[in-house]
$ cat entry.cif   # mmCIF, N, CA and C atoms and all ligand atoms
data_target
loop_
_atom_site.label_atom_id
_atom_site.label_comp_id
_atom_site.auth_asym_id
_atom_site.auth_seq_id
_atom_site.Cartn_x
_atom_site.Cartn_y
_atom_site.Cartn_z
N MET A 1 76.08 140.27 61.31
CA MET A 1 76.24 140.37 62.75
C MET A 1 77.52 139.65 63.15
N ASN A 2 78.27 140.24 64.07
CA ASN A 2 79.47 139.60 64.59
C ASN A 2 79.10 138.33 65.34
N LYS A 3 80.06 137.43 65.41
CA LYS A 3 79.86 136.23 66.23
C LYS A 3 80.45 136.51 67.61
N PRO A 4 79.81 135.98 68.65
CA PRO A 4 80.39 136.19 69.97
C PRO A 4 81.69 135.40 70.12
N VAL A 5 82.56 135.89 70.94
CA VAL A 5 83.80 135.19 71.26
C VAL A 5 83.50 134.19 72.37
N ILE A 6 84.00 132.98 72.23
CA ILE A 6 83.83 131.99 73.29
C ILE A 6 84.85 132.32 74.38
N SER A 7 84.37 132.86 75.47
CA SER A 7 85.31 133.26 76.53
C SER A 7 85.68 132.09 77.42
N ASP A 8 84.78 131.10 77.49
CA ASP A 8 85.04 129.94 78.34
C ASP A 8 84.17 128.80 77.82
N ASN A 9 84.69 127.60 77.87
CA ASN A 9 83.92 126.44 77.42
C ASN A 9 83.18 125.76 78.55
N SER A 10 82.89 126.53 79.58
CA SER A 10 82.11 126.01 80.70
C SER A 10 81.39 127.18 81.35
N PRO A 11 80.39 126.88 82.18
CA PRO A 11 79.69 127.98 82.85
C PRO A 11 80.61 128.71 83.81
N ILE A 12 80.31 129.97 84.05
CA ILE A 12 81.08 130.78 84.99
C ILE A 12 80.20 131.01 86.21
N LYS A 13 80.59 130.43 87.33
CA LYS A 13 79.78 130.53 88.55
C LYS A 13 80.18 131.78 89.32
N VAL A 14 79.17 132.56 89.67
CA VAL A 14 79.41 133.78 90.44
C VAL A 14 78.35 133.91 91.52
N THR A 15 78.72 134.55 92.61
CA THR A 15 77.77 134.86 93.68
C THR A 15 77.40 136.33 93.54
N LEU A 16 76.10 136.59 93.49
CA LEU A 16 75.61 137.95 93.26
C LEU A 16 74.90 138.46 94.51
N GLY A 17 75.03 139.75 94.73
CA GLY A 17 74.44 140.36 95.92
C GLY A 17 72.98 140.75 95.73
N LYS A 18 72.23 140.70 96.82
CA LYS A 18 70.79 141.05 96.80
C LYS A 18 70.60 142.49 96.32
N ASP A 19 69.62 142.63 95.41
CA ASP A 19 69.23 143.94 94.86
C ASP A 19 70.35 144.65 94.10
N LYS A 20 71.36 143.93 93.69
CA LYS A 20 72.45 144.53 92.90
C LYS A 20 72.18 144.30 91.42
N LYS A 21 72.65 145.25 90.63
CA LYS A 21 72.44 145.21 89.19
C LYS A 21 73.76 144.81 88.52
N TYR A 22 73.66 143.89 87.55
CA TYR A 22 74.84 143.40 86.85
C TYR A 22 74.59 143.46 85.36
N PHE A 23 75.67 143.54 84.60
CA PHE A 23 75.55 143.50 83.14
C PHE A 23 76.40 142.35 82.63
N PHE A 24 75.71 141.34 82.12
CA PHE A 24 76.35 140.13 81.60
C PHE A 24 76.94 140.41 80.22
N CYS A 25 78.17 140.02 80.02
CA CYS A 25 78.82 140.19 78.71
C CYS A 25 78.25 139.19 77.73
N ALA A 26 77.66 139.68 76.65
CA ALA A 26 77.09 138.82 75.60
C ALA A 26 78.05 138.64 74.43
N CYS A 27 79.04 139.52 74.33
CA CYS A 27 79.92 139.48 73.16
C CYS A 27 81.13 138.57 73.37
N GLY A 28 81.47 138.31 74.61
CA GLY A 28 82.62 137.45 74.92
C GLY A 28 83.95 138.18 74.91
N ARG A 29 83.96 139.47 74.68
CA ARG A 29 85.21 140.21 74.55
C ARG A 29 85.67 140.87 75.85
N SER A 30 84.83 140.85 76.85
CA SER A 30 85.18 141.50 78.11
C SER A 30 86.38 140.83 78.77
N GLY A 31 87.20 141.64 79.38
CA GLY A 31 88.32 141.12 80.17
C GLY A 31 87.90 140.87 81.61
N ASN A 32 86.62 141.05 81.90
CA ASN A 32 86.11 140.87 83.26
C ASN A 32 84.94 139.89 83.24
N GLN A 33 85.13 138.75 82.61
CA GLN A 33 84.05 137.77 82.48
C GLN A 33 83.52 137.32 83.84
N PRO A 34 82.20 137.10 83.93
CA PRO A 34 81.21 137.13 82.87
C PRO A 34 80.55 138.49 82.69
N PHE A 35 81.16 139.52 83.22
CA PHE A 35 80.52 140.83 83.20
C PHE A 35 81.06 141.73 82.08
N CYS A 36 80.23 142.64 81.64
CA CYS A 36 80.57 143.58 80.58
C CYS A 36 81.61 144.59 81.07
N ASP A 37 82.58 144.88 80.22
CA ASP A 37 83.55 145.93 80.54
C ASP A 37 83.56 147.01 79.44
N GLY A 38 82.56 146.96 78.56
CA GLY A 38 82.45 147.97 77.50
C GLY A 38 83.13 147.57 76.20
N SER A 39 83.74 146.42 76.16
CA SER A 39 84.48 145.99 74.95
C SER A 39 83.56 145.67 73.77
N HIS A 40 82.26 145.63 73.99
CA HIS A 40 81.32 145.30 72.91
C HIS A 40 81.07 146.49 71.98
N LYS A 41 81.61 147.63 72.28
CA LYS A 41 81.25 148.87 71.58
C LYS A 41 81.39 148.80 70.06
N GLU A 42 82.33 148.03 69.56
CA GLU A 42 82.51 147.94 68.10
C GLU A 42 81.76 146.74 67.51
N THR A 43 80.87 146.13 68.29
CA THR A 43 80.14 144.94 67.82
C THR A 43 78.65 145.25 67.79
N ASP A 44 77.87 144.24 67.38
CA ASP A 44 76.41 144.38 67.37
C ASP A 44 75.79 143.92 68.69
N PHE A 45 76.62 143.54 69.65
CA PHE A 45 76.11 142.99 70.90
C PHE A 45 75.86 144.07 71.94
N GLU A 46 74.94 143.76 72.83
CA GLU A 46 74.64 144.60 73.97
C GLU A 46 74.70 143.72 75.22
N PRO A 47 75.14 144.27 76.33
CA PRO A 47 75.14 143.47 77.56
C PRO A 47 73.71 143.16 78.00
N VAL A 48 73.57 142.09 78.78
CA VAL A 48 72.26 141.68 79.30
C VAL A 48 72.18 142.10 80.76
N LYS A 49 71.21 142.96 81.05
CA LYS A 49 71.03 143.45 82.43
C LYS A 49 70.45 142.34 83.30
N TYR A 50 70.98 142.23 84.51
CA TYR A 50 70.52 141.20 85.44
C TYR A 50 70.46 141.81 86.82
N VAL A 51 69.30 141.70 87.46
CA VAL A 51 69.16 142.19 88.84
C VAL A 51 68.94 140.99 89.74
N ALA A 52 69.81 140.83 90.72
CA ALA A 52 69.68 139.73 91.67
C ALA A 52 68.67 140.13 92.73
N GLU A 53 67.59 139.37 92.85
CA GLU A 53 66.56 139.71 93.83
C GLU A 53 66.95 139.26 95.24
N GLU A 54 67.92 138.37 95.29
CA GLU A 54 68.44 137.92 96.58
C GLU A 54 69.89 137.52 96.36
N LYS A 55 70.63 137.31 97.44
CA LYS A 55 71.99 136.82 97.28
C LYS A 55 71.89 135.42 96.71
N VAL A 56 72.57 135.22 95.58
CA VAL A 56 72.39 133.96 94.88
C VAL A 56 73.65 133.59 94.12
N MET A 57 73.88 132.29 93.98
CA MET A 57 74.96 131.82 93.12
C MET A 57 74.32 131.38 91.80
N VAL A 58 74.87 131.86 90.70
CA VAL A 58 74.34 131.52 89.39
C VAL A 58 75.46 131.01 88.49
N ALA A 59 75.08 130.26 87.48
CA ALA A 59 76.03 129.78 86.47
C ALA A 59 75.74 130.54 85.19
N PHE A 60 76.57 131.56 84.93
CA PHE A 60 76.41 132.34 83.72
C PHE A 60 77.11 131.65 82.56
N CYS A 61 76.61 131.91 81.37
CA CYS A 61 77.14 131.29 80.16
C CYS A 61 78.54 131.84 79.85
N GLY A 62 79.48 130.93 79.63
CA GLY A 62 80.83 131.32 79.27
C GLY A 62 81.08 131.24 77.77
N CYS A 63 80.30 130.39 77.08
CA CYS A 63 80.54 130.22 75.64
C CYS A 63 79.81 131.27 74.81
N LYS A 64 78.86 131.97 75.44
CA LYS A 64 78.10 133.05 74.79
C LYS A 64 77.18 132.53 73.68
N GLN A 65 76.84 131.24 73.74
CA GLN A 65 75.95 130.65 72.74
C GLN A 65 74.61 130.23 73.36
N SER A 66 74.45 130.45 74.67
CA SER A 66 73.23 130.02 75.35
C SER A 66 72.00 130.65 74.70
N LYS A 67 70.92 129.88 74.65
CA LYS A 67 69.65 130.41 74.14
C LYS A 67 68.86 131.10 75.24
N HIS A 68 69.41 131.06 76.46
CA HIS A 68 68.75 131.70 77.60
C HIS A 68 69.74 132.54 78.40
N PRO A 69 70.42 133.48 77.72
CA PRO A 69 71.40 134.28 78.44
C PRO A 69 70.75 135.13 79.55
N PRO A 70 71.36 135.35 80.65
CA PRO A 70 72.77 135.10 80.89
C PRO A 70 73.09 133.69 81.40
N TYR A 71 72.07 132.85 81.50
CA TYR A 71 72.29 131.54 82.12
C TYR A 71 72.93 130.54 81.16
N CYS A 72 73.74 129.67 81.72
CA CYS A 72 74.27 128.54 80.97
C CYS A 72 73.12 127.57 80.71
N ASP A 73 73.01 127.09 79.48
CA ASP A 73 72.00 126.07 79.15
C ASP A 73 72.66 124.82 78.57
N ASP A 74 73.94 124.65 78.85
CA ASP A 74 74.73 123.48 78.42
C ASP A 74 75.01 123.45 76.93
N THR A 75 74.78 124.55 76.22
CA THR A 75 75.11 124.60 74.80
C THR A 75 76.60 124.37 74.58
N HIS A 76 77.43 124.76 75.56
CA HIS A 76 78.89 124.60 75.41
C HIS A 76 79.31 123.15 75.18
N ILE A 77 78.50 122.22 75.61
CA ILE A 77 78.84 120.80 75.46
C ILE A 77 78.94 120.42 73.99
N ALA A 78 78.14 121.05 73.15
CA ALA A 78 78.11 120.71 71.73
C ALA A 78 79.08 121.52 70.89
N ILE A 79 79.79 122.46 71.51
CA ILE A 79 80.69 123.32 70.74
C ILE A 79 82.02 122.62 70.52
N VAL A 80 82.41 122.56 69.28
CA VAL A 80 83.72 122.03 68.93
C VAL A 80 84.52 123.22 68.43
N GLU A 81 85.57 123.54 69.16
CA GLU A 81 86.40 124.68 68.76
C GLU A 81 87.23 124.34 67.54
N GLU A 82 87.33 125.31 66.63
CA GLU A 82 88.19 125.13 65.48
C GLU A 82 89.64 125.24 65.94
N PRO A 83 90.54 124.45 65.34
CA PRO A 83 91.93 124.56 65.75
C PRO A 83 92.48 125.95 65.48
N LYS A 84 93.27 126.44 66.42
CA LYS A 84 93.88 127.76 66.25
C LYS A 84 95.15 127.61 65.42
N GLU A 85 95.52 128.70 64.78
CA GLU A 85 96.73 128.68 63.99
C GLU A 85 97.91 128.30 64.88
N GLY A 86 98.70 127.38 64.44
CA GLY A 86 99.83 126.94 65.24
C GLY A 86 99.54 125.68 66.03
N ASP A 87 98.22 125.32 66.15
CA ASP A 87 97.89 124.07 66.83
C ASP A 87 98.37 122.91 65.99
N ASP A 88 99.18 122.07 66.55
CA ASP A 88 99.68 120.91 65.82
C ASP A 88 99.34 119.65 66.61
N PRO A 89 98.40 118.85 66.12
CA PRO A 89 97.99 117.65 66.86
C PRO A 89 99.10 116.63 67.01
N PHE A 90 100.15 116.74 66.22
CA PHE A 90 101.23 115.77 66.30
C PHE A 90 102.42 116.28 67.10
N GLU A 91 102.27 117.51 67.63
CA GLU A 91 103.36 118.13 68.37
C GLU A 91 103.82 117.28 69.55
N SER A 92 102.89 116.64 70.21
CA SER A 92 103.24 115.88 71.40
C SER A 92 103.94 114.57 71.07
N GLY A 93 103.98 114.24 69.79
CA GLY A 93 104.62 112.99 69.40
C GLY A 93 103.67 111.82 69.43
N GLU A 94 102.41 112.09 69.89
CA GLU A 94 101.45 111.01 69.93
C GLU A 94 100.98 110.70 68.51
N ARG A 95 100.70 109.46 68.28
CA ARG A 95 100.23 109.05 66.98
C ARG A 95 98.72 108.87 67.06
N ILE A 96 98.03 109.49 66.13
CA ILE A 96 96.58 109.36 66.10
C ILE A 96 96.22 108.39 64.99
N ILE A 97 95.55 107.30 65.36
CA ILE A 97 95.19 106.32 64.32
C ILE A 97 93.69 106.10 64.29
S1 LIG A 101 81.93 143.62 76.88
FE1 LIG A 101 80.74 141.96 76.10
S2 LIG A 101 78.70 142.75 76.13
FE2 LIG A 101 79.91 144.38 76.90
#
$ encode --input "entry.cif" --output "structure tokens"
Amino acid sequence: MNKPVISDNSPIKVTLGKDKKYFFCACGRSGNQPFCDGSHKETDFEPVKYVAEEKVMVAFCGCKQSKHPPYCDDTHIAIVEEPKEGDDPFESGERII
């Protein structure tokens, strides 16, 4: 199974309209976070359907690791991102001791 892409290391707060249907991006590849834009098609992920029963502000998961999607459950706090290629911790000239 593919791993989801971490689209954000914090929750994504959105206001949703009453009786509107939304599709939460579970794969992290959407360019329209936190909503699905169809980019999951080549993955094993499916969007999570969400119907707002009233106008509401919610905190959707940005790291895509939540155990209760689409909601943020603070899992992002424990995520340590691997350094990306080209990341140089000494680039700033700071000394790490
Ligand atoms: S684009 Fe991520 S689930 Fe559809």
$ select_by_dssp --input "entry.cif" --residues "chain A" --states "strand (DSSP E or B)" --output "list in words"
Ile12, Lys13, Val14, Thr15, Leu16, Lys21, Tyr22, Phe23, Phe24, Asn32, Phe35, Val48, Lys49, Tyr50, Val51, Val56, Met57, Val58, Ala59, Phe60 and Tyr71 of chain A
$ atom_distance --input "entry.cif" --atom1 "atom N of A:Gly38" --atom2 "atom C of A:Ala26"
10.3 Å
$ closest_atom_pairs --input "entry.cif" --of "chain A" --to "ligand LIG 101 (chain A)" --cutoff "6 Å" --atoms "only C-alpha atoms and all ligand atoms" --output "CSV"
residue,atom,partner,partner_atom,distance
A:Cys25,CA,A:LIG101,S2,3.6
A:Ala26,CA,A:LIG101,S2,4.3
A:Cys27,CA,A:LIG101,FE1,3.9
A:Gly28,CA,A:LIG101,FE1,5.0
A:Arg29,CA,A:LIG101,FE1,5.0
A:Ser30,CA,A:LIG101,S1,4.1
A:Cys36,CA,A:LIG101,FE2,3.8
A:Asp37,CA,A:LIG101,S1,4.6
A:Gly38,CA,A:LIG101,S1,4.4
A:Ser39,CA,A:LIG101,S1,4.0
A:His40,CA,A:LIG101,FE2,4.3
A:Phe45,CA,A:LIG101,S2,5.8
A:Glu46,CA,A:LIG101,S2,5.0
A:Pro47,CA,A:LIG101,S2,3.9
$ atom_distance --input "entry.cif" --atom1 "atom N of A:Gln33" --atom2 "atom CA of A:Gln65"
15.7 Å
$ atom_distance --input "entry.cif" --atom1 "atom CA of A:Ile12" --atom2 "atom CA of A:Asp44"
22.7 Å
$ select_by_dssp --input "entry.cif" --residues "stretch 4-76 of chain A" --states "helix (DSSP H, G or I)" --output "list of chain:residue names"
A:Ser39, A:His40, A:Lys41, A:Glu42, A:Thr75, A:His76
$ write_last_selection --input "entry.cif" --atoms "N, CA and C atoms" --output "mmCIF file, keeping the file's coordinate frame"
data_model
loop_
_atom_site.group_PDB
_atom_site.id
_atom_site.type_symbol
_atom_site.label_atom_id
_atom_site.label_comp_id
_atom_site.auth_asym_id
_atom_site.auth_seq_id
_atom_site.Cartn_x
_atom_site.Cartn_y
_atom_site.Cartn_z
ATOM 1 N N SER A 39 83.740 146.420 76.160
ATOM 2 C CA SER A 39 84.480 145.990 74.950
ATOM 3 C C SER A 39 83.560 145.670 73.770
ATOM 4 N N HIS A 40 82.260 145.630 73.990
ATOM 5 C CA HIS A 40 81.320 145.300 72.910
ATOM 6 C C HIS A 40 81.070 146.490 71.980
ATOM 7 N N LYS A 41 81.610 147.630 72.280
ATOM 8 C CA LYS A 41 81.250 148.870 71.580
ATOM 9 C C LYS A 41 81.390 148.800 70.060
ATOM 10 N N GLU A 42 82.330 148.030 69.560
ATOM 11 C CA GLU A 42 82.510 147.940 68.100
ATOM 12 C C GLU A 42 81.760 146.740 67.510
ATOM 13 N N THR A 75 74.780 124.550 76.220
ATOM 14 C CA THR A 75 75.110 124.600 74.800
ATOM 15 C C THR A 75 76.600 124.370 74.580
ATOM 16 N N HIS A 76 77.430 124.760 75.560
ATOM 17 C CA HIS A 76 78.890 124.600 75.410
ATOM 18 C C HIS A 76 79.310 123.150 75.180
#
$ axis_aligned_box --input "entry.cif" --around "stretch 24-33 of chain A" --padding-each-side "5 Å" --output "AutoDock Vina command-line options"
--center_x 82.0 --center_y 139.5 --center_z 78.5 --size_x 22.6 --size_y 14.3 --size_z 20.7
$ residues_around --input "entry.cif" --residues "A:Phe24" --least-positions-apart "4" --cutoff "7 Å" --atoms "only C-alpha atoms" --output "mmCIF file with N, CA and C atoms, keeping the file's coordinate frame"
data_model
loop_
_atom_site.group_PDB
_atom_site.id
_atom_site.type_symbol
_atom_site.label_atom_id
_atom_site.label_comp_id
_atom_site.auth_asym_id
_atom_site.auth_seq_id
_atom_site.Cartn_x
_atom_site.Cartn_y
_atom_site.Cartn_z
ATOM 1 N N PRO A 34 82.200 137.100 83.930
ATOM 2 C CA PRO A 34 81.210 137.130 82.870
ATOM 3 C C PRO A 34 80.550 138.490 82.690
ATOM 4 N N PHE A 35 81.160 139.520 83.220
ATOM 5 C CA PHE A 35 80.520 140.830 83.200
ATOM 6 C C PHE A 35 81.060 141.730 82.080
ATOM 7 N N CYS A 36 80.230 142.640 81.640
ATOM 8 C CA CYS A 36 80.570 143.580 80.580
ATOM 9 C C CYS A 36 81.610 144.590 81.070
ATOM 10 N N PRO A 47 75.140 144.270 76.330
ATOM 11 C CA PRO A 47 75.140 143.470 77.560
ATOM 12 C C PRO A 47 73.710 143.160 78.000
ATOM 13 N N VAL A 48 73.570 142.090 78.780
ATOM 14 C CA VAL A 48 72.260 141.680 79.300
ATOM 15 C C VAL A 48 72.180 142.100 80.760
ATOM 16 N N LYS A 49 71.210 142.960 81.050
ATOM 17 C CA LYS A 49 71.030 143.450 82.430
ATOM 18 C C LYS A 49 70.450 142.340 83.300
ATOM 19 N N PRO A 70 71.360 135.350 80.650
ATOM 20 C CA PRO A 70 72.770 135.100 80.890
ATOM 21 C C PRO A 70 73.090 133.690 81.400
#
$ residues_around --input "entry.cif" --residues "A:Lys64" --least-positions-apart "5" --cutoff "8 Å" --atoms "only N, CA and C atoms" --output "MDAnalysis selection string"
chainID A and resid 3:10 25:28 69 72 75:76
